[in-house]
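Asker: Got query.cif for you, mmCIF, C-alpha atoms:
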```cif
data_coords
loop_
_atom_site.label_atom_id
_atom_site.label_comp_id
_atom_site.auth_asym_id
_atom_site.auth_seq_id
_atom_site.Cartn_x
_atom_site.Cartn_y
_atom_site.Cartn_z
CA MET A 1 -44.83 122.48 96.35
CA ASP A 2 -47.02 124.34 98.84
CA ASP A 3 -48.04 127.66 97.29
CA LYS A 4 -50.79 128.51 99.76
CA LYS A 5 -50.69 132.03 101.17
CA ILE A 6 -51.42 133.20 104.69
CA VAL A 7 -52.89 136.67 105.27
CA ILE A 8 -51.91 138.45 108.49
CA GLY A 9 -53.13 142.03 108.61
CA ASP A 10 -51.93 143.64 105.39
CA ARG A 11 -49.17 141.06 104.82
CA ILE A 12 -49.39 137.99 102.60
CA LEU A 13 -46.91 135.25 103.49
CA THR A 14 -46.07 131.76 102.40
CA ARG A 15 -45.88 129.08 105.06
CA ASP A 16 -42.07 129.13 104.85
CA GLU A 17 -41.99 132.91 105.31
CA LEU A 18 -44.29 132.62 108.31
CA TYR A 19 -42.08 129.99 109.95
CA GLN A 20 -38.93 132.00 109.20
CA ASN A 21 -40.48 135.13 110.75
CA GLU A 22 -41.47 133.14 113.85
CA LYS A 23 -37.96 131.72 114.15
CA GLU A 24 -36.40 135.20 113.94
CA PHE A 25 -38.90 136.56 116.48
CA ARG A 26 -38.03 133.76 118.94
CA GLN A 27 -34.31 134.39 118.48
CA GLU A 28 -34.78 138.11 119.16
CA ARG A 29 -36.77 137.33 122.32
CA ALA A 30 -34.07 134.92 123.50
CA ARG A 31 -31.52 137.74 123.36
CA LEU A 32 -33.51 139.97 125.71
CA SER A 33 -32.25 140.43 129.26
CA PHE A 34 -34.07 138.97 132.23
CA GLU A 35 -35.12 142.47 133.30
CA GLU A 36 -36.57 143.24 129.87
CA ASN A 37 -38.53 139.98 129.93
CA ILE A 38 -40.02 140.92 133.32
CA LYS A 39 -41.05 144.36 131.99
CA ILE A 40 -42.79 142.66 129.06
CA LEU A 41 -44.54 140.26 131.45
CA VAL A 42 -45.85 143.15 133.55
CA GLU A 43 -47.19 144.89 130.43
CA LEU A 44 -48.94 141.68 129.38
CA GLN A 45 -50.47 141.37 132.85
CA LYS A 46 -51.82 144.91 132.54
CA LEU A 47 -53.30 144.12 129.12
CA ALA A 48 -54.91 140.93 130.42
CA ARG A 49 -56.47 142.83 133.31
CA THR A 50 -57.80 145.61 131.07
CA TRP A 51 -59.03 143.50 128.16
CA GLY A 52 -60.40 140.73 130.33
CA ARG A 53 -62.04 143.22 132.68
CA LYS A 54 -60.95 141.04 135.57
CA GLU A 55 -59.87 142.72 138.77
CA ASP A 56 -58.42 139.51 140.23
CA ILE A 57 -55.44 139.44 137.83
CA LEU A 58 -52.24 140.10 139.76
CA ILE A 59 -49.90 142.71 138.32
CA TRP A 60 -46.36 142.60 139.61
CA ASN A 61 -44.75 145.76 140.93
CA ILE A 62 -41.28 146.42 139.60
#
```
Take the structure in the file and write it out as structure tokens.
Answerer:
Amino acid sequence: MDDKKIVIGDRILTRDELYQNEKEFRQERARLSFEENIKILVELQKLARTWGRKEDILIWNI
């Protein structure tokens, strides 16, 4: 039996809990519309540009 714990922020999870959370997260993402996925992509592009301090990162206009 694997009783090791994983600490993420203020949460303490078992490996099984971590995998179950990831599975649920992926299922939720799969239910998003194409338009919502594009909005998320644009926000990630903005974050990458800001955090990476790189002006050559393309940000789509929607």
Asker: Here's a test: counting all atoms listed in the file, identify every protein, DNA and RNA residue with an atom at most 7 Å from (-42.4, 142.5, 136.2) in the file's coordinate frame, and state them as an NGL selection string.
Answerer: :A and (38-39 or 41-42 or 60-62)
Asker: Once the PyMOL selection byres ((chain A and resi 3) around 12) has been evaluated on this model, what residues remain selected, and can you format them as number ranges by chain?
Answerer: A: 1-2, 4-6, 12-17
Asker: What does the distance from CA of Leu58 (chain A) to CA of Lys46 (chain A) come to in Å, to one decimal?
Answerer: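 The value is 8.7 Å.
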Asker: Please compute the CA of Val7 (chain A)-CA of Lys23 (chain A) distance, one decimal, in Å.
Answerer: 18.1 Å
Asker: Rounded to one decimal in Å, what is the spacing between CA of Gly52 (chain A) and CA of Ile40 (chain A)?
Answerer: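 Distance reported for this atom pair: 17.8 Å.
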Asker: For Asp56 (chain A), list every protein, DNA or RNA residue within 12 Å, evaluated using only C-alpha atoms, and leave out those in the same chain fewer than 5 positions away; present the list as a list in words.
Answerer: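 The contact residues come out as Gln45, Lys46, Ala48, Arg49 and Thr50 of chain A.
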